[in-house]
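**Q** The structure file target_28.pdb (PDB, C-alpha atoms) is provided below.
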ATOM      1  CA  MET J 271      -2.377  11.303 -11.156
ATOM      2  CA  ALA J 272      -5.959  10.562 -11.927
ATOM      3  CA  LYS J 273      -8.312  10.272  -9.015
ATOM      4  CA  HIS J 274     -10.428   7.158  -8.520
ATOM      5  CA  LYS J 275     -13.957   8.392  -8.071
ATOM      6  CA  GLY J 276     -17.278   6.673  -7.570
ATOM      7  CA  ARG J 277     -16.133   3.686  -5.567
ATOM      8  CA  GLY J 278     -19.154   2.694  -3.526
ATOM      9  CA  TRP J 279     -17.335   1.253  -0.549
ATOM     10  CA  ASN J 280     -15.872   4.650   0.413
ATOM     11  CA  SER J 281     -19.059   5.685   2.180
ATOM     12  CA  ARG J 282     -18.905   2.629   4.383
ATOM     13  CA  LEU J 283     -15.332   3.385   5.330
ATOM     14  CA  LEU J 284     -16.200   6.989   6.116
ATOM     15  CA  ALA J 285     -18.475   5.713   8.825
ATOM     16  CA  ALA J 286     -15.589   3.766  10.326
ATOM     17  CA  ALA J 287     -13.706   7.022  10.837
ATOM     18  CA  LEU J 288     -16.315   8.348  13.307
ATOM     19  CA  GLY J 289     -15.289   8.073  16.891
ATOM     20  CA  VAL J 290     -11.624   7.383  16.081
ATOM     21  CA  THR J 291      -9.418   9.591  18.185
ATOM     22  CA  THR J 292      -6.450  11.368  16.687
ATOM     23  CA  LEU J 293      -3.103   9.701  17.296
ATOM     24  CA  ALA J 294      -0.510  11.768  19.105
ATOM     25  CA  ALA J 295       2.208  12.945  16.778
ATOM     26  CA  ALA J 296       5.026  11.790  19.030
ATOM     27  CA  ALA J 297       6.936   8.824  17.574
ATOM     28  CA  SER J 298       7.366   5.597  19.544
ATOM     29  CA  VAL J 299      10.114   3.027  19.293
ATOM     30  CA  TRP J 300       8.789  -0.450  18.655
ATOM     31  CA  THR J 301      10.703  -3.521  19.732
ATOM     32  CA  ALA J 302      11.109  -6.536  17.516
ATOM     33  CA  GLN J 303      10.228  -9.977  18.751
ATOM     34  CA  ALA J 304      13.227 -11.721  17.209
ATOM     35  CA  GLU J 305      16.195 -12.554  19.460
ATOM     36  CA  PRO J 306      19.615 -12.606  17.775
ATOM     37  CA  ALA J 307      22.535 -14.736  18.996
ATOM     38  CA  GLY J 308      23.697 -12.030  21.401
ATOM     39  CA  GLY J 309      20.404 -12.176  23.264
ATOM     40  CA  GLN J 310      19.413  -8.559  22.572
ATOM     41  CA  PRO J 311      16.203  -7.894  20.649
ATOM     42  CA  GLU J 312      16.929  -6.625  17.150
ATOM     43  CA  ALA J 313      14.315  -4.541  15.362
ATOM     44  CA  ARG J 314      13.442  -5.346  11.791
ATOM     45  CA  PRO J 315      13.675  -2.327   9.427
ATOM     46  CA  GLN J 316       9.961  -1.556   9.647
ATOM     47  CA  GLU J 317      10.023  -1.696  13.464
ATOM     48  CA  ARG J 318      12.796   0.795  14.191
ATOM     49  CA  ALA J 319      12.364   4.287  15.503
ATOM     50  CA  VAL J 320      10.768   6.746  13.109
ATOM     51  CA  THR J 321      13.174   8.596  10.829
ATOM     52  CA  LYS J 322      11.889  11.400   8.654
ATOM     53  CA  VAL J 323      12.015  10.602   4.945
ATOM     54  CA  ALA J 324      11.700  12.693   1.792
ATOM     55  CA  ALA J 325       8.313  14.332   1.289
ATOM     56  CA  ASP J 326       8.228  14.278  -2.508
ATOM     57  CA  ILE J 327       6.113  11.576  -4.147
ATOM     58  CA  ALA J 328       8.131   8.452  -4.897
ATOM     59  CA  HIS J 329       7.774   6.577  -8.171
ATOM     60  CA  ALA J 330      11.196   4.986  -8.677
ATOM     61  CA  SER J 331      12.266   1.488  -7.668
ATOM     62  CA  ASP J 332      15.113   0.524  -5.378
ATOM     63  CA  ALA J 333      15.801  -2.313  -7.837
ATOM     64  CA  GLY J 334      17.254   0.116 -10.363
ATOM     65  CA  ALA J 335      16.492   1.001 -13.955
ATOM     66  CA  ARG J 336      14.846  -2.358 -14.710
ATOM     67  CA  GLY J 337      13.045  -2.571 -11.391
ATOM     68  CA  VAL J 338       9.283  -2.946 -10.987
ATOM     69  CA  ASN J 339       7.300  -2.129  -7.852
ATOM     70  CA  ILE J 340       4.108  -4.145  -7.405
ATOM     71  CA  THR J 341       1.725  -2.189  -5.151
ATOM     72  CA  ILE J 342      -1.555  -3.573  -3.811
ATOM     73  CA  ASP J 343      -4.182  -1.200  -2.418
ATOM     74  CA  ASP J 344      -7.262  -1.106  -0.189
ATOM     75  CA  GLY J 345      -6.873  -4.328   1.789
ATOM     76  CA  PRO J 346      -6.441  -6.506   3.517
ATOM     77  CA  ASP J 347      -9.403  -8.592   2.417
ATOM     78  CA  PRO J 348     -10.146 -12.115   3.729
ATOM     79  CA  VAL J 349     -10.962 -13.469   0.272
ATOM     80  CA  TRP J 350      -8.473 -11.788  -2.046
ATOM     81  CA  THR J 351      -5.417 -10.948   0.051
ATOM     82  CA  PRO J 352      -4.568 -14.620   0.782
ATOM     83  CA  GLN J 353      -4.791 -15.379  -2.940
ATOM     84  CA  VAL J 354      -2.521 -12.478  -3.815
ATOM     85  CA  LEU J 355      -0.058 -13.481  -1.098
ATOM     86  CA  GLN J 356       0.091 -17.062  -2.356
ATOM     87  CA  LEU J 357       0.625 -15.916  -5.934
ATOM     88  CA  LEU J 358       3.420 -13.562  -4.889
ATOM     89  CA  LYS J 359       5.041 -16.304  -2.815
ATOM     90  CA  ASP J 360       4.876 -18.777  -5.682
ATOM     91  CA  SER J 361       6.469 -16.175  -7.972
ATOM     92  CA  GLY J 362       9.151 -15.107  -5.489
ATOM     93  CA  VAL J 363       7.946 -11.502  -5.669
ATOM     94  CA  LYS J 364       7.768  -8.931  -2.869
ATOM     95  CA  ALA J 365       5.150  -6.173  -3.000
ATOM     96  CA  THR J 366       3.965  -3.097  -1.133
ATOM     97  CA  PHE J 367       0.517  -3.347   0.460
ATOM     98  CA  CYS J 368      -1.279  -0.019   0.933
ATOM     99  CA  MET J 369      -3.752  -0.747   3.705
ATOM    100  CA  VAL J 370      -6.895   1.044   4.822
ATOM    101  CA  GLY J 371      -6.936   1.416   8.598
ATOM    102  CA  PRO J 372     -10.277  -0.273   9.418
ATOM    103  CA  GLN J 373      -9.426  -3.166   7.087
ATOM    104  CA  ALA J 374      -6.131  -3.696   8.912
ATOM    105  CA  GLU J 375      -7.933  -3.466  12.234
ATOM    106  CA  ALA J 376     -10.524  -6.038  11.120
ATOM    107  CA  TYR J 377      -7.987  -8.553   9.763
ATOM    108  CA  PRO J 378      -4.800  -8.342  11.851
ATOM    109  CA  ASP J 379      -3.754 -11.891  10.975
ATOM    110  CA  LEU J 380      -3.600 -10.888   7.312
ATOM    111  CA  VAL J 381      -1.520  -7.820   8.140
ATOM    112  CA  LYS J 382       0.899 -10.036  10.033
ATOM    113  CA  ALA J 383       0.958 -12.503   7.131
ATOM    114  CA  VAL J 384       1.905  -9.701   4.735
ATOM    115  CA  VAL J 385       4.790  -8.692   6.999
ATOM    116  CA  ALA J 386       5.876 -12.282   7.604
ATOM    117  CA  ASP J 387       6.190 -12.843   3.851
ATOM    118  CA  GLY J 388       8.618  -9.935   3.552
ATOM    119  CA  HIS J 389       6.311  -7.387   1.959
ATOM    120  CA  ARG J 390       6.154  -3.742   2.999
ATOM    121  CA  LEU J 391       3.286  -1.789   4.504
ATOM    122  CA  CYS J 392       1.847   1.476   3.224
ATOM    123  CA  ASN J 393      -0.701   3.725   4.954
ATOM    124  CA  HIS J 394      -3.813   4.319   2.807
ATOM    125  CA  THR J 395      -5.803   6.352   5.388
ATOM    126  CA  VAL J 396      -8.894   5.534   7.445
ATOM    127  CA  SER J 397     -11.727   6.299   5.054
ATOM    128  CA  HIS J 398     -10.201   6.131   1.566
ATOM    129  CA  ASP J 399     -11.508   9.626   0.890
ATOM    130  CA  THR J 400     -10.456  10.637  -2.625
ATOM    131  CA  ALA J 401     -11.358  14.256  -1.814
ATOM    132  CA  MET J 402      -8.854  14.498   1.034
ATOM    133  CA  ASP J 403      -7.020  17.282  -0.741
ATOM    134  CA  THR J 404     -10.092  19.515  -0.290
ATOM    135  CA  LYS J 405     -10.366  18.883   3.455
ATOM    136  CA  SER J 406      -8.829  20.596   6.474
ATOM    137  CA  GLU J 407      -5.367  19.812   7.775
ATOM    138  CA  ALA J 408      -6.940  18.458  10.966
ATOM    139  CA  TYR J 409      -8.971  15.996   8.902
ATOM    140  CA  GLN J 410      -5.948  14.944   6.876
ATOM    141  CA  SER J 411      -3.977  14.407  10.067
ATOM    142  CA  GLN J 412      -6.727  12.275  11.590
ATOM    143  CA  GLN J 413      -6.993  10.158   8.446
ATOM    144  CA  ILE J 414      -3.272   9.456   8.243
ATOM    145  CA  LEU J 415      -2.340   9.130  11.902
ATOM    146  CA  ASP J 416      -5.354   7.117  12.999
ATOM    147  CA  ALA J 417      -4.803   4.718  10.104
ATOM    148  CA  GLU J 418      -1.192   4.343  11.128
ATOM    149  CA  ARG J 419      -2.207   3.549  14.691
ATOM    150  CA  MET J 420      -4.532   0.838  13.391
ATOM    151  CA  ILE J 421      -1.874  -0.626  11.081
ATOM    152  CA  ILE J 422       0.818  -0.656  13.773
ATOM    153  CA  LYS J 423      -1.505  -2.383  16.215
ATOM    154  CA  ALA J 424      -2.693  -4.939  13.653
ATOM    155  CA  SER J 425       0.846  -5.742  12.512
ATOM    156  CA  GLY J 426       2.183  -6.222  16.008
ATOM    157  CA  GLY J 427       4.359  -3.133  15.913
ATOM    158  CA  VAL J 428       5.433  -2.822  12.292
ATOM    159  CA  ARG J 429       5.189   0.646  10.816
ATOM    160  CA  SER J 430       4.187   1.704   7.326
ATOM    161  CA  GLN J 431       7.123   2.738   5.178
ATOM    162  CA  TYR J 432       4.947   4.652   2.720
ATOM    163  CA  TYR J 433       1.827   6.785   2.531
ATOM    164  CA  ARG J 434      -0.425   6.681  -0.526
ATOM    165  CA  ALA J 435      -3.206   9.248  -0.681
ATOM    166  CA  PRO J 436      -6.513   7.777  -1.910
ATOM    167  CA  GLY J 437      -6.888   8.584  -5.596
ATOM    168  CA  GLY J 438      -3.613  10.489  -5.442
ATOM    169  CA  ALA J 439      -5.216  13.273  -3.361
ATOM    170  CA  PHE J 440      -1.943  14.459  -1.848
ATOM    171  CA  THR J 441      -1.417  17.902  -0.386
ATOM    172  CA  PRO J 442       1.838  19.571   0.688
ATOM    173  CA  TYR J 443       0.630  19.211   4.273
ATOM    174  CA  SER J 444      -0.206  15.494   4.028
ATOM    175  CA  ARG J 445       3.094  14.744   2.323
ATOM    176  CA  GLN J 446       5.089  16.557   4.995
ATOM    177  CA  LEU J 447       3.070  14.946   7.788
ATOM    178  CA  ALA J 448       3.591  11.449   6.408
ATOM    179  CA  ALA J 449       7.277  12.046   5.790
ATOM    180  CA  SER J 450       7.775  13.305   9.345
ATOM    181  CA  HIS J 451       6.377   9.972  10.546
ATOM    182  CA  GLY J 452       8.697   7.911   8.345
ATOM    183  CA  MET J 453       6.245   7.318   5.497
ATOM    184  CA  ARG J 454       7.440   8.247   2.015
ATOM    185  CA  PRO J 455       4.570   9.565  -0.138
ATOM    186  CA  LEU J 456       3.975   6.946  -2.818
ATOM    187  CA  GLY J 457       2.593   7.480  -6.283
ATOM    188  CA  TRP J 458       2.242   5.166  -9.256
ATOM    189  CA  ASN J 459       3.215   5.068 -12.921
ATOM    190  CA  VAL J 460       0.903   2.377 -14.275
ATOM    191  CA  ASP J 461      -2.755   2.201 -13.241
ATOM    192  CA  THR J 462      -4.309  -1.138 -14.164
ATOM    193  CA  LYS J 463      -7.772   0.275 -13.374
ATOM    194  CA  ASP J 464      -8.647  -3.098 -11.911
ATOM    195  CA  PHE J 465     -11.198  -1.411  -9.650
ATOM    196  CA  GLU J 466     -13.270  -0.847 -12.817
ATOM    197  CA  HIS J 467     -13.135  -4.552 -13.764
ATOM    198  CA  PRO J 468     -11.909  -3.883 -17.320
ATOM    199  CA  GLY J 469     -11.103  -7.540 -17.959
ATOM    200  CA  VAL J 470      -7.891  -9.490 -17.529
ATOM    201  CA  ASP J 471      -6.721  -8.915 -21.104
ATOM    202  CA  ALA J 472      -7.179  -5.157 -20.762
ATOM    203  CA  MET J 473      -5.250  -5.043 -17.506
ATOM    204  CA  VAL J 474      -2.407  -7.095 -18.921
ATOM    205  CA  ALA J 475      -2.279  -4.938 -22.047
ATOM    206  CA  THR J 476      -2.171  -1.773 -19.944
ATOM    207  CA  VAL J 477       0.842  -2.950 -17.983
ATOM    208  CA  LYS J 478       2.661  -4.190 -21.068
ATOM    209  CA  SER J 479       2.116  -0.925 -22.930
ATOM    210  CA  GLU J 480       2.732   1.453 -20.016
ATOM    211  CA  ILE J 481       5.519  -0.145 -17.968
ATOM    212  CA  SER J 482       7.995   1.975 -19.910
ATOM    213  CA  ASN J 483       6.383   5.007 -18.236
ATOM    214  CA  GLY J 484       7.809   3.984 -14.866
ATOM    215  CA  PRO J 485       8.156   1.096 -12.453
ATOM    216  CA  THR J 486       5.326   1.423  -9.923
ATOM    217  CA  VAL J 487       2.217  -0.567 -10.868
ATOM    218  CA  LEU J 488      -1.130  -0.166  -9.084
ATOM    219  CA  PHE J 489      -3.378  -3.128  -8.248
ATOM    220  CA  HIS J 490      -6.085  -3.702  -5.599
ATOM    221  CA  ASP J 491      -6.834  -6.633  -3.304
ATOM    222  CA  ALA J 492     -10.002  -5.189  -1.727
ATOM    223  CA  GLY J 493     -12.853  -2.780  -2.369
ATOM    224  CA  GLY J 494     -14.644  -5.253  -4.601
ATOM    225  CA  GLU J 495     -14.345  -8.542  -6.433
ATOM    226  CA  ARG J 496     -10.690  -9.033  -7.420
ATOM    227  CA  SER J 497     -10.519 -12.262  -9.411
ATOM    228  CA  GLN J 498      -9.397 -10.273 -12.466
ATOM    229  CA  THR J 499      -6.529  -8.807 -10.464
ATOM    230  CA  VAL J 500      -5.347 -12.235  -9.356
ATOM    231  CA  ALA J 501      -5.554 -13.561 -12.918
ATOM    232  CA  ALA J 502      -3.725 -10.545 -14.347
ATOM    233  CA  LEU J 503      -0.938 -10.842 -11.774
ATOM    234  CA  ARG J 504      -0.597 -14.539 -12.577
ATOM    235  CA  GLU J 505       0.063 -13.632 -16.215
ATOM    236  CA  LEU J 506       2.082 -10.467 -15.693
ATOM    237  CA  LEU J 507       4.614 -11.525 -13.076
ATOM    238  CA  PRO J 508       6.330 -14.135 -15.280
ATOM    239  CA  TRP J 509       6.042 -11.861 -18.322
ATOM    240  CA  LEU J 510       7.844  -9.041 -16.532
ATOM    241  CA  GLU J 511      10.584 -11.412 -15.463
ATOM    242  CA  GLN J 512      10.931 -12.697 -19.012
ATOM    243  CA  GLN J 513      11.376  -9.102 -20.196
ATOM    244  CA  GLY J 514      14.347  -8.686 -17.879
ATOM    245  CA  TYR J 515      12.624  -6.777 -15.088
ATOM    246  CA  THR J 516      13.388  -7.402 -11.427
ATOM    247  CA  PHE J 517      11.018  -6.747  -8.548
ATOM    248  CA  GLY J 518      11.791  -4.233  -5.834
ATOM    249  CA  PHE J 519      10.255  -1.717  -3.491
ATOM    250  CA  PRO J 520       9.604   2.000  -4.041
ATOM    251  CA  VAL J 521      12.510   4.199  -3.055
ATOM    252  CA  ARG J 522      12.396   5.843   0.344
TER     253      ARG J 522
END
Go ahead and express the file in the form of structure tokens.

**A**
Amino acid sequence: MAKHKGRGWNSRLLAAALGVTTLAAAASVWTAQAEPAGGQPEARPQERAVTKVAADIAHASDAGARGVNITIDDGPDPVWTPQVLQLLKDSGVKATFCMVGPQAEAYPDLVKAVVADGHRLCNHTVSHDTAMDTKSEAYQSQQILDAERMIIKASGGVRSQYYRAPGGAFTPYSRQLAASHGMRPLGWNVDTKDFEHPGVDAMVATVKSEISNGPTVLFHDAGGERSQTVAALRELLPWLEQQGYTFGFPVR
């Protein structure tokens, strides 16, 4: 997978990592707020105790051979995430939101809104460092586990079901660490390159020509101006449905 280099906001996020203490590796059981008829609290899937998942990088969809996974990276963002959420709701589509820890910490209401709408959470580290695969295991651990602490707190106890390394900078260690904390490493098959602002037509053409390569499509709702992303999604979601695709989540 190609790495996304030269994204100016990374340096600002690196500063947010300073002073963040490393999360203990021990798993905690989080209790759901919903009360079923029997009166006992019942945890939603994302809130249950951590179960180790596969450590290989997922690309497939749980919706089967004609499934498509919409994945949204780098948020949440107060301008663009609400627009993406509304568009997904209007289209009846669920997506996977790969969140950067400090962004989740800054906008907990948006994290909760993502969960409330039935989307899934994905850990996208603290600093969005696309050179993570050149750093120490201690650094990788801090980036993943501190981000997860931030996401869990912001969501009100909902865990990430996936881990996506910034720019695809996975290592065997980071994949195993994420998997041991219940986060399936998550790749992509189609990169819209929306972070480069290629234009709506170019993004739409990329998805239409490359969706046969695999079901997981990469978009962004933060890290810059995302009006092109919103416009491309507005055109692509009905097109995919018209082509006989259904929307699902990455396999775990």

**Q** Nearest residue to Val470 in chain J out of J:Ala502, J:Ala439, J:Ala383, J:Ala417, using all atoms listed in the file?

**A**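 When distances to Val470 in chain J are compared using all atoms listed in the file, the smallest one comes from J:Ala502.
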
**Q** Hey, could you make a per-residue contact list for range 306-375 of chain J against range 477-493 of chain J with 10 Å as the cut-off, showing the nearest pair of atoms and its distance in Å to one decimal, counting only C-alpha atoms, sorted by chain and number, as a tab-separated table?

**A**
residue	atom	partner	partner_atom	distance
J:Ala328	CA	J:Thr486	CA	9.1
J:His329	CA	J:Thr486	CA	6.0
J:Ala330	CA	J:Pro485	CA	6.2
J:Ser331	CA	J:Pro485	CA	6.3
J:Asp332	CA	J:Pro485	CA	9.9
J:Ala333	CA	J:Pro485	CA	9.6
J:Gly334	CA	J:Pro485	CA	9.4
J:Ala335	CA	J:Pro485	CA	8.5
J:Arg336	CA	J:Pro485	CA	7.9
J:Gly337	CA	J:Pro485	CA	6.2
J:Val338	CA	J:Pro485	CA	4.4
J:Asn339	CA	J:Thr486	CA	4.6
J:Ile340	CA	J:Val487	CA	5.3
J:Thr341	CA	J:Leu488	CA	5.3
J:Ile342	CA	J:Phe489	CA	4.8
J:Asp343	CA	J:His490	CA	4.5
J:Asp344	CA	J:Ala492	CA	5.2
J:Gly345	CA	J:Ala492	CA	4.8
J:Pro346	CA	J:Ala492	CA	6.5
J:Asp347	CA	J:Ala492	CA	5.4
J:Pro348	CA	J:Ala492	CA	8.8
J:Val349	CA	J:Ala492	CA	8.6
J:Trp350	CA	J:Asp491	CA	5.6
J:Thr351	CA	J:Asp491	CA	5.6
J:Pro352	CA	J:Asp491	CA	9.3
J:Gln353	CA	J:Asp491	CA	9.0
J:Val354	CA	J:Asp491	CA	7.3
J:Leu355	CA	J:Asp491	CA	9.9
J:Thr366	CA	J:Leu488	CA	9.9
J:Phe367	CA	J:Asp491	CA	8.9
J:Cys368	CA	J:His490	CA	8.9
J:Met369	CA	J:Ala492	CA	9.4
J:Val370	CA	J:Ala492	CA	9.6
J:Gln373	CA	J:Ala492	CA	9.1

**Q** Nearest to Met473 in chain J: which of J:Arg522, J:Arg419, J:Arg429, J:Arg504 is it, counting all atoms listed in the file?

**A**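 Counting all atoms listed in the file, the residue closest to Met473 in chain J is J:Arg504.
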
**Q** Find the distance between CA of Gly438 in chain J and CA of Thr395 in chain J and write it in Å to one decimal.

**A**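 That distance, rounded to one decimal, is 11.8 Å.
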
**Q** What residues come out when you apply the PyMOL selection byres ((chain J and resi 421) around 9) to this file, written as a list of chain:residue names?

**A**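 That selection, the PyMOL selection byres ((chain J and resi 421) around 9), comes back as J:Met369, J:Val370, J:Gly371, J:Pro372, J:Gln373, J:Ala374, J:Glu375, J:Pro378, J:Val381, J:Leu391, J:Cys392, J:Asn393, J:Asp416, J:Ala417, J:Glu418, J:Arg419, J:Met420, J:Ile422, J:Lys423, J:Ala424, J:Ser425, J:Gly426, J:Gly427, J:Val428, J:Arg429, J:Ser430.
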
**Q** Taking the file as shown, what set of residues would the PyMOL selection byres ((chain J and resi 404) around 12) give back, as a list of chain:residue names?

**A** J:Asp399, J:Thr400, J:Ala401, J:Met402, J:Asp403, J:Lys405, J:Ser406, J:Glu407, J:Ala408, J:Tyr409, J:Gln410, J:Ala439, J:Phe440, J:Thr441, J:Pro442, J:Tyr443, J:Ser444

**Q** How many Å lie between CA of Tyr433 in chain J and CA of Pro455 in chain J, rounded to one decimal?

**A**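 CA of Pro455 in chain J lies at a distance of 4.7 Å from CA of Tyr433 in chain J.
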
**Q** When you count all atoms listed in the file, which of these residues is closest to Ala501 in chain J: J:Leu357, J:Val521, J:Gln431, J:Gly514?

**A**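 Looking only at the distances to Ala501 in chain J, the closest residue turns out to be J:Leu357.
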
**Q** Could you check the closest approach to Arg496 in chain J for each of J:Phe517, J:Asp360, J:Pro508, J:Gly469 and tell me which residue wins, using only C-alpha atoms?

**A**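 Selected residue with least distance to Arg496 in chain J: J:Gly469.
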
**Q** So what do you get for CA of Leu506 in chain J versus CA of Gly388 in chain J, distance-wise?

**A**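 So the two atoms, CA of Leu506 in chain J and CA of Gly388 in chain J, lie 20.3 Å apart.
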
**Q** List every protein, DNA or RNA residue that has at least one atom no more than 12 Å from (-7.1, 3.7, -18.5) in the file's coordinates, counting all atoms listed in the file, and write the result as a list in words.

**A**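 So the residues meeting the distance criterion are Met271, Ala272, Lys273, His274, Asn459, Val460, Asp461, Thr462, Lys463, Asp464, Phe465, Glu466, His467, Pro468, Gly469, Ala472, Met473, Val474, Ala475, Thr476, Val477, Ser479, Glu480 and Leu488 of chain J.
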
**Q** Can you tell me which residues surround Asp326 in chain J at a distance of at most 9 Å, considering all atoms listed in the file, apart from same-chain residues fewer than 4 positions away, and format the answer as number ranges by chain?

**A** J: 442, 445-446, 449, 454-456

**Q** Can you work out which one of J:Gln412, J:Thr499, J:Tyr432, J:Ala386 has the shortest atom-to-atom distance to Gly452 in chain J, counting only C-alpha atoms?

**A**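 Checking each candidate against Gly452 in chain J, we get J:Tyr432 as the closest.
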
**Q** Between J:Gly494, J:Ile327, J:Ala365, J:Gln356, which residue has the minimum interatomic distance to Trp458 in chain J, considering only C-alpha atoms?

**A**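 Among the listed residues, the smallest separation from Trp458 in chain J belongs to J:Ile327.
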